[in-house]
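This report refers to the structure that appears directly beneath it.
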Protein chains: 2
Amino acid sequence: MADEEAAREQVVRAADELFYTKGVQAVGMDAVRTAAGVSLKRIYSLFSSKDELVVAVLRHRTAVWDDGIASASERATTARARLLAIFDFLDGWFREPDFRGCAFINTHGELSATSQAVADAVREQKRTFQEYVARLVAELDGPPELAPQIAILAEGAQTTAAIAGTPDAARYARDAVETLLDAKVPASV
Amino acid sequence: MADEEAAREQVVRAADELFYTKGVQAVGMDAVRTAAGVSLKRIYSLFSSKDELVVAVLRHRTAVWDDGIASASERATTARARLLAIFDFLDGWFREPDFRGCAFINTHGELSATSQAVADAVREQKRTFQEYVARLVAELDGPPELAPQIAILAEGAQTTAAIAGTPDAARYARDAVETLLDAKVPASV
DNA sequence: TACAGTAGAGAACGAACGTTCTCCGCGCAA
DNA sequence: TTGCGCGGAGAACGTTCGTTCTCTACTGTA
């Protein structure tokens, strides 16, 4: 555990899994220590507080999410297919047995009132996603307001799937996106 | 404070405001006691645990939500108008200065992993809302899959507005609903 | 071999939590 | 007036939290 970067990743990975499964406030730093196999002193030399660790975990989640979206849209050749691939990605995710909703939404609900840094990290991730959607909509020459509508469907699908405990929302949202695209992007392939 | 029902309501009201503003786990029972003006002993004679109080608060929120939806759709004469009225209601809500997202979604993200009762209460409320939407869609002779799509837009609008801190999502979602209705309910007025 | 310096492990700290307990004061029967 | 029972207030309990501190063991140098 000599390498600082390796220790950071070890801690973030362990904290990510614990926070996502049980919620941030339900997990003590002792549990993170045990799961990561890194001493508390070391953890606090890497992250100045639990809050900072939460932000680091959110940034890690952002990278995982971006990778997932990217690899899901890899096979898609058109912007329209890449938009729909988002919802295929969600469908697969919702079916994973340990799916428990969007970590950003959950953490926001739990901590945004207490921690500005957490609220900012969540907002930043959502903004990045919206920009990604907006870029694809622009490629299709679709109207700009279509992008937030698709993003809202993605957000709603995540919360709905988490609360209902079923993956159906992905398909419903995907169908709605197709309807919106058909209606607002007439020239789409 | 003799009347039991009055004391219950006093406690639930105070807890609701505190939980919604700061999150459930960030609020201690002492703070509820102070805000409600009801002794801890009394609170614990009315609710056997904090968990049960949380469930009571969620039920109270359900009633408030139902009232809001009902009064928003009062002026609407058609099922289509009542569906759109949901998003006008959301728009007004998002503009309130102390709007902090959907209490059900927030509480679910915070506690569903720890408390089955809380998870059930949240799921129940969402199910009721989806049934309300489904009834309106059926009135329009729209396809059944339109209902969950509209519900997903409502959920997504709430989380997006909460995280972004702007009320725009209500209008975007409303426009999307109109597009979906136009595409899928051709005979609508 | 002896010693200085560093880093890890986890005990310890003060605060705050959910919950329970003890005390006090009031209303009422005799 | 006296004794009794009930309910409210909030002190107190055991636990757990985030964070810090202390002690130990090991490394590299002379």
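Ordered as shown in the structure tokens, chains take letters A, B, and onward, while each chain numbers its residues from 1 and ligands are numbered from 1 in the order shown.
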
Can you tell me, as JSON, numbers by chain, what residues are no more than 12 Å from DT19 of chain C when counting only C-alpha atoms (C1' of nucleotides), ignoring any on the same chain fewer than 2 positions away? {"B": [28, 29, 30, 40, 41, 43, 44, 45, 47, 48, 49, 50], "C": [17, 21], "D": [12, 13, 14, 15]}

Using only C-alpha atoms, find the residues of chain A whose closest atom to chain B is at most 9 Å away, then write them as a PyMOL selection string. chain A and resi 21-26+100-103+105-114+119-120+122-123+126-127+145-146+148-160+162-165+169+172-173+175-176+179-180+183-184

Pick out each residue of chain B that DSSP on the backbone tags as helix (DSSP H, G or I); I need them as an MDAnalysis selection string. chainID B and resid 4:22 29:36 40:46 50:72 79:94 103:111 116:139 146:164 168:184

Please, could you write that set of residues out with C-alpha atoms as a compact mmCIF listing (two decimals), in the first residue's frame?
```txt
# COMPACT_ATOMS: atom_id res chain seq x y z
CA GLU B 4 -53.96 12.81 20.81
CA GLU B 5 -54.83 13.51 17.21
CA ALA B 6 -53.77 17.12 17.55
CA ALA B 7 -50.45 16.13 19.07
CA ARG B 8 -49.82 13.62 16.29
CA GLU B 9 -50.44 16.28 13.67
CA GLN B 10 -48.24 18.78 15.51
CA VAL B 11 -45.35 16.31 15.55
CA VAL B 12 -45.82 15.17 11.96
CA ARG B 13 -45.98 18.72 10.67
CA ALA B 14 -42.82 19.77 12.50
CA ALA B 15 -40.95 16.60 11.50
CA ASP B 16 -42.07 16.98 7.90
CA GLU B 17 -40.62 20.46 7.58
CA LEU B 18 -37.37 19.51 9.31
CA PHE B 19 -36.89 16.25 7.39
CA TYR B 20 -37.63 17.89 4.07
CA THR B 21 -35.31 20.82 4.67
CA LYS B 22 -32.33 19.02 6.19
CA MET B 29 -35.53 13.60 17.66
CA ASP B 30 -34.54 16.43 20.00
CA ALA B 31 -34.97 18.88 17.15
CA VAL B 32 -38.40 17.42 16.39
CA ARG B 33 -39.32 17.77 20.06
CA THR B 34 -38.28 21.42 20.13
CA ALA B 35 -40.02 22.30 16.86
CA ALA B 36 -43.22 20.47 17.72
CA LEU B 40 -40.03 13.11 23.79
CA LYS B 41 -41.99 10.79 26.02
CA ARG B 42 -45.18 11.89 24.32
CA ILE B 43 -43.68 11.54 20.86
CA TYR B 44 -42.59 7.99 21.65
CA SER B 45 -46.06 7.21 22.97
CA LEU B 46 -47.48 8.34 19.61
CA LYS B 50 -38.22 7.38 14.46
CA ASP B 51 -38.78 5.03 11.55
CA GLU B 52 -42.49 4.99 12.23
CA LEU B 53 -42.52 8.77 12.43
CA VAL B 54 -40.83 8.92 9.03
CA VAL B 55 -43.55 6.71 7.58
CA ALA B 56 -46.23 8.92 9.15
CA VAL B 57 -44.56 11.97 7.63
CA LEU B 58 -44.54 10.31 4.21
CA ARG B 59 -48.23 9.55 4.54
CA HIS B 60 -48.86 13.18 5.42
CA ARG B 61 -46.86 14.24 2.35
CA THR B 62 -48.96 11.91 0.24
CA ALA B 63 -52.09 13.72 1.35
CA VAL B 64 -50.53 17.11 0.63
CA TRP B 65 -49.43 15.94 -2.82
CA ASP B 66 -52.85 14.52 -3.64
CA ASP B 67 -54.48 17.78 -2.60
CA GLY B 68 -52.08 19.75 -4.77
CA ILE B 69 -52.75 17.62 -7.81
CA ALA B 70 -56.47 17.70 -7.19
CA SER B 71 -56.71 21.47 -6.82
CA ALA B 72 -54.44 22.00 -9.84
CA ALA B 79 -58.49 14.50 -19.17
CA ARG B 80 -55.81 15.94 -21.41
CA ALA B 81 -55.93 19.23 -19.53
CA ARG B 82 -55.77 17.39 -16.22
CA LEU B 83 -52.64 15.56 -17.36
CA LEU B 84 -51.01 18.83 -18.34
CA ALA B 85 -52.18 20.42 -15.09
CA ILE B 86 -49.85 18.05 -13.24
CA PHE B 87 -46.91 19.83 -14.81
CA ASP B 88 -48.33 23.27 -14.11
CA PHE B 89 -48.57 22.18 -10.51
CA LEU B 90 -44.95 21.04 -10.62
CA ASP B 91 -43.92 24.35 -12.16
CA GLY B 92 -45.43 26.31 -9.32
CA TRP B 93 -43.90 23.99 -6.76
CA PHE B 94 -40.41 24.19 -8.28
CA ALA B 103 -39.53 14.21 -0.46
CA PHE B 104 -40.34 10.65 -1.47
CA ILE B 105 -37.40 10.38 -3.82
CA ASN B 106 -35.05 12.01 -1.32
CA THR B 107 -36.19 9.82 1.56
CA HIS B 108 -36.00 6.74 -0.61
CA GLY B 109 -32.43 7.51 -1.57
CA GLU B 110 -31.56 8.10 2.06
CA LEU B 111 -33.36 5.25 3.84
CA GLN B 116 -38.23 -1.59 4.39
CA ALA B 117 -41.22 0.33 5.78
CA VAL B 118 -39.93 3.56 4.30
CA ALA B 119 -39.24 1.91 0.93
CA ASP B 120 -42.78 0.53 0.92
CA ALA B 121 -44.38 3.87 1.76
CA VAL B 122 -42.51 5.56 -1.08
CA ARG B 123 -43.34 2.83 -3.57
CA GLU B 124 -46.99 3.02 -2.56
CA GLN B 125 -47.16 6.74 -3.23
CA LYS B 126 -45.57 6.41 -6.65
CA ARG B 127 -47.89 3.57 -7.51
CA THR B 128 -50.92 5.67 -6.60
CA PHE B 129 -49.68 8.52 -8.77
CA GLN B 130 -49.11 6.19 -11.71
CA GLU B 131 -52.62 4.87 -11.35
CA TYR B 132 -53.98 8.40 -11.40
CA VAL B 133 -52.11 9.10 -14.63
CA ALA B 134 -53.22 5.77 -16.08
CA ARG B 135 -56.85 6.62 -15.37
CA LEU B 136 -56.56 9.90 -17.26
CA VAL B 137 -54.82 8.23 -20.20
CA ALA B 138 -57.55 5.60 -20.30
CA GLU B 139 -60.16 8.36 -20.37
CA LEU B 146 -48.36 6.29 -22.40
CA ALA B 147 -49.15 6.48 -18.69
CA PRO B 148 -45.78 5.31 -17.35
CA GLN B 149 -44.07 7.56 -19.89
CA ILE B 150 -45.86 10.59 -18.52
CA ALA B 151 -45.16 9.49 -14.96
CA ILE B 152 -41.47 9.10 -15.79
CA LEU B 153 -41.44 12.65 -17.15
CA ALA B 154 -42.96 13.88 -13.88
CA GLU B 155 -40.35 12.03 -11.80
CA GLY B 156 -37.51 13.21 -14.00
CA ALA B 157 -38.71 16.78 -13.82
CA GLN B 158 -38.67 16.67 -10.03
CA THR B 159 -35.13 15.35 -9.72
CA THR B 160 -33.83 17.57 -12.48
CA ALA B 161 -35.36 20.67 -10.93
CA ALA B 162 -34.02 19.74 -7.51
CA ILE B 163 -30.47 19.14 -8.68
CA ALA B 164 -30.25 21.96 -11.18
CA ASP B 168 -37.28 24.84 -16.21
CA ALA B 169 -37.75 21.08 -16.09
CA ALA B 170 -41.49 21.46 -15.52
CA ARG B 171 -41.98 23.28 -18.80
CA TYR B 172 -39.75 20.91 -20.74
CA ALA B 173 -41.59 17.89 -19.35
CA ARG B 174 -44.94 19.48 -20.05
CA ASP B 175 -43.98 20.14 -23.67
CA ALA B 176 -42.81 16.54 -24.00
CA VAL B 177 -46.15 15.31 -22.66
CA GLU B 178 -47.95 17.42 -25.23
CA THR B 179 -45.84 15.92 -27.99
CA LEU B 180 -46.53 12.41 -26.74
CA LEU B 181 -50.26 13.11 -26.50
CA ASP B 182 -50.36 14.59 -29.97
CA ALA B 183 -48.55 11.57 -31.37
CA LYS B 184 -50.37 8.84 -29.48
```

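Near DC21 of chain D, within 12 Å and counting only C-alpha atoms (C1' of nucleotides), sit Leu40 and Lys41 of chain A; DA9, DG10, DA11, DA12 and DC13 of chain C; same-chain residues fewer than 6 positions away were not included.
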
Contacts of DA2 of chain C at 12 Å (only C-alpha atoms (C1' of nucleotides); same-chain gap of 2+ positions) as number ranges by chain: C: 4; D: 29-30

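From atom CA of Pro167 of chain A back to atom CA of Gly142 of chain A, the distance works out to 28.2 Å.
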
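Interface residues of chain D facing chain A, defined by any atom at most 9 Å away and using only C-alpha atoms (C1' of nucleotides), are D:DT16, D:DC17, D:DG18, D:DT19, D:DT20.
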
Mind dumping the selected residues with N, CA, C and O atoms (P, O5', C5', C4', C3', O3' and C1' of nucleotides) as a short mmCIF file (atom, residue, chain, number, x, y, z; two decimals), in the first residue's frame?
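Once everything was written out, this is result-v4.cif:
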```cif
data_model
loop_
_atom_site.label_atom_id
_atom_site.label_comp_id
_atom_site.auth_asym_id
_atom_site.auth_seq_id
_atom_site.Cartn_x
_atom_site.Cartn_y
_atom_site.Cartn_z
P DT D 16 -23.47 0.11 18.32
"O5'" DT D 16 -23.14 1.37 17.41
"C5'" DT D 16 -24.19 2.24 16.98
"C4'" DT D 16 -23.59 3.53 16.47
"C3'" DT D 16 -22.31 3.33 15.63
"O3'" DT D 16 -22.49 4.00 14.39
"C1'" DT D 16 -22.02 5.04 17.24
P DC D 17 -21.46 3.76 13.18
"O5'" DC D 17 -21.00 5.25 12.85
"C5'" DC D 17 -21.99 6.25 12.64
"C4'" DC D 17 -21.43 7.60 12.99
"C3'" DC D 17 -20.08 7.89 12.37
"O3'" DC D 17 -20.27 8.48 11.11
"C1'" DC D 17 -20.18 8.61 14.67
P DG D 18 -19.05 8.49 10.06
"O5'" DG D 18 -18.20 9.76 10.49
"C5'" DG D 18 -18.79 11.05 10.51
"C4'" DG D 18 -17.81 12.06 11.07
"C3'" DG D 18 -16.49 12.16 10.31
"O3'" DG D 18 -16.06 13.52 10.29
"C1'" DG D 18 -16.07 11.46 12.54
P DT D 19 -14.74 13.92 9.49
"O5'" DT D 19 -13.63 13.83 10.64
"C5'" DT D 19 -13.75 14.67 11.79
"C4'" DT D 19 -12.70 14.30 12.81
"C3'" DT D 19 -11.25 14.30 12.31
"O3'" DT D 19 -10.57 15.38 12.93
"C1'" DT D 19 -11.70 12.48 13.78
P DT D 20 -9.01 15.62 12.68
"O5'" DT D 20 -8.38 14.95 14.00
"C5'" DT D 20 -8.87 15.32 15.26
"C4'" DT D 20 -8.13 14.57 16.35
"C3'" DT D 20 -6.61 14.65 16.27
"O3'" DT D 20 -6.14 14.85 17.60
"C1'" DT D 20 -7.26 12.40 16.36
#
```
